[in-house]
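Single-structure report; data block below.
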Amino acid sequence: MTVYDELKARGLIAQVTDEEAIREMVNQGKATFYIGFDPTADSLHVGHFMALCLMKRLQMAGNKPIALIGGGTGYIGDPSGRTDMRSMMTPETIQHNCDCFKKQMERFIDFSDGKAMMVNNADWLLKLNYIDLLREVGACFSVNNMLRAECYKQRMEKGLSFLEFNYMIMQSYDFYYMFQHFGCNMQFGGNDQWSNMLGGTELIRRKLGKDAHAMTITLLLNSEGKKMGKTASGAVWLDPNKTSPYDFYQYWRNIDDADVLKCIRMLTFLPLEQIDEMDKWEGAQLNRAKEILAYELTALVHGEEEARKAQDAAKALFVGGGDMSNVPATALAEGDLTDGKIGLLDLMVKCGLAPSKKEARRLVEQGGVEINGQKAADPAAAYTRDDLAGDGLMIKKGKKVFHKVTL
């Protein structure tokens, strides 16, 4: 199976502008392609997983990835999929987020010896003169066509700012610039980016001629990929300080039955033959498939050792016989106690089980918290040094979240 055929078999390709040319380029390792990442936070999340895995697959086949960090477009904010305007970020915040992204991407992409590039579009966008930009590329964009683009539709009812309206031009200019300066001949993005990507392809052809080899591919189910990054309790981050390897493992271990084989096919590097065999699995076998998915992705992001620890912790909590030392834990200090004790609500916030005492109270009053196997019914409950001594307390939130507390 060719590289391109495998991408299709894994469900990663949705739309292309020139399939035969793209197929040949990808299969022969001649693609220099980019995927953009806007630095809206100081960590990537699991919604970025598809893009990172795709970059890794194509690099393994000899193609050259360019990870484009949107340090410049971050000043504007992508309106795609938004019903409101993004918050403005300071230059310092944008740069900090860009630095964090690079460290995380290095787990997926080999940047050594020119095998890949990481670039920041601030390096060229922030130097643009507005009048010069209008003269160079403004005539290549039809306002009528732009307003019909999917990326703007959701913003039209509440009001699309002129700031955001420029995002398509900026993203298109990125491809135009990288085509000329880095030999970038292909761009990848999600379905929600299709209009922006076509803008870049069209800009290159209009400015450099119809024979310019600028191509676009979109990733299938990118909107679902973005949803992957969100849970009821917030985002699932790749940074272990924001989402622990155990919680990361548990996120994938608890995905819906209907999604598990799709995620294994799209996100892991297991052979398709092995995955096709799993297609026959049902019932209890799907739990085994979820364990495989959780282990493979945790190992990819956090390494084999952390994946093993997370798996052992899950086994100890839900099956029995695993290593309890790997269960998520918080060690309190004497300074965390007041008059030798700590309240339940403060304890839950301290352990990261609730973002606020108000939310912790709601969880307790709704019967969603247990302490050492007993329902915690009193939000005013407090625990002493003796309670926290030795093995400490095991807090259970909901059906599947466990956290050990010691002093």
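Chain labels A, B, ... are given in the sequence in which chains occur in the structure tokens; within each chain residues are numbered consecutively from 1, and ligands are likewise numbered from 1 in the order shown.
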Item checked: 8 Å contact set for A:Leu261, only C-alpha atoms, chain neighbours under 4 positions out, as a list in words -> Arg265, Ile275, Met278, Asp279 and Ala289 of chain A
Filtering to N, CA and C atoms, could you give me those residues as a PDB file, in the first residue's frame?
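Output file out.pdb is given in full below:
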```pdb
ATOM      1  N   ARG A 265      -7.306   3.810  14.198  1.00  0.00           N
ATOM      2  CA  ARG A 265      -6.909   3.857  12.787  1.00  0.00           C
ATOM      3  C   ARG A 265      -6.253   5.201  12.448  1.00  0.00           C
ATOM      4  N   ILE A 275      -5.309  -3.550  12.836  1.00  0.00           N
ATOM      5  CA  ILE A 275      -6.511  -2.764  13.153  1.00  0.00           C
ATOM      6  C   ILE A 275      -7.741  -3.367  12.486  1.00  0.00           C
ATOM      7  N   MET A 278      -9.193  -5.924  14.537  1.00  0.00           N
ATOM      8  CA  MET A 278      -9.936  -5.373  15.674  1.00  0.00           C
ATOM      9  C   MET A 278     -11.348  -4.948  15.279  1.00  0.00           C
ATOM     10  N   ASP A 279     -11.560  -4.702  13.989  1.00  0.00           N
ATOM     11  CA  ASP A 279     -12.896  -4.321  13.520  1.00  0.00           C
ATOM     12  C   ASP A 279     -13.929  -5.384  13.859  1.00  0.00           C
ATOM     13  N   ALA A 289      -9.509  -2.911  23.200  1.00  0.00           N
ATOM     14  CA  ALA A 289      -9.136  -1.968  22.151  1.00  0.00           C
ATOM     15  C   ALA A 289      -8.893  -0.580  22.743  1.00  0.00           C
TER      16      ALA A 289
END
```
Can you pull out every residue from stretch 269-388 of chain A that DSSP, working from the backbone, puts in strand (DSSP E or B), and format the result as a tab-separated table (two decimals) with N, CA and C atoms, in the first residue's frame?
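Saved as result_29.tsv:
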```
chain	number	residue	atom	x	y	z
A	329	ALA	N	-1.74	11.42	42.74
A	329	ALA	CA	-1.68	11.72	44.17
A	329	ALA	C	-1.23	13.15	44.41
A	330	THR	N	-1.63	13.66	45.56
A	330	THR	CA	-1.18	14.96	46.03
A	330	THR	C	-0.66	14.81	47.45
A	331	ALA	N	0.53	15.32	47.72
A	331	ALA	CA	1.08	15.30	49.08
A	331	ALA	C	0.94	16.70	49.67
A	338	THR	N	-5.17	24.15	58.38
A	338	THR	CA	-5.53	25.25	59.27
A	338	THR	C	-6.01	24.64	60.58
A	341	LYS	N	-6.22	20.82	60.31
A	341	LYS	CA	-7.18	20.12	59.45
A	341	LYS	C	-7.41	20.90	58.16
A	342	ILE	N	-8.05	20.24	57.21
A	342	ILE	CA	-8.37	20.87	55.92
A	342	ILE	C	-9.78	20.47	55.52
A	343	GLY	N	-10.56	21.42	55.05
A	343	GLY	CA	-11.93	21.15	54.64
A	343	GLY	C	-11.99	20.37	53.34
A	369	VAL	N	-19.09	12.48	45.10
A	369	VAL	CA	-17.78	12.37	45.73
A	369	VAL	C	-17.81	11.29	46.81
A	370	GLU	N	-16.76	10.47	46.82
A	370	GLU	CA	-16.57	9.46	47.87
A	370	GLU	C	-15.19	9.65	48.49
A	371	ILE	N	-15.11	9.38	49.80
A	371	ILE	CA	-13.83	9.39	50.52
A	371	ILE	C	-13.62	8.01	51.11
A	374	GLN	N	-16.64	5.76	50.99
A	374	GLN	CA	-17.88	6.21	51.61
A	374	GLN	C	-18.35	7.52	50.97
A	375	LYS	N	-19.65	7.61	50.73
A	375	LYS	CA	-20.21	8.81	50.14
A	375	LYS	C	-19.93	10.03	51.02
A	382	ALA	N	-14.28	18.03	57.31
A	382	ALA	CA	-12.85	18.39	57.35
A	382	ALA	C	-12.06	17.16	57.77
A	383	TYR	N	-10.77	17.15	57.44
A	383	TYR	CA	-9.92	16.00	57.70
A	383	TYR	C	-8.66	16.44	58.41
A	384	THR	N	-8.26	15.65	59.41
A	384	THR	CA	-7.15	16.00	60.29
A	384	THR	C	-5.84	15.38	59.82
```
Margin query: Can you pull out the residues contacting A:Leu54? Cut-off 9 Å, using only C-alpha atoms, and skip same-chain residues under 3 positions away; I want them as a ChimeraX atom specification.
Written below: /A:7,12,49-51,57-59,219,266-267
Margin query: Can you pull out every residue from stretch 19-147 of chain A that DSSP, working from the backbone, puts in alpha helix (DSSP H), and format the result as a PyMOL selection string?
Written below: chain A and resi 19-27+49-60+91-105+122-125+130-137+143-147
Note to self: Taking only C-alpha atoms into account, name the residue in A:Ala214, A:Met186, A:Leu147, A:Ala258 that is nearest to A:Ile35.
What the structure shows: A:Met186
Note to self: At a cut-off of 7 Å, using only C-alpha atoms, what residues contact stretch 401-404 of chain A? Leave out same-chain residues fewer than 6 positions from it and give the result as a list in words.
What the structure shows: Val327, Pro328, Ala329, Thr330, Leu393, Met394 and Ile395 of chain A
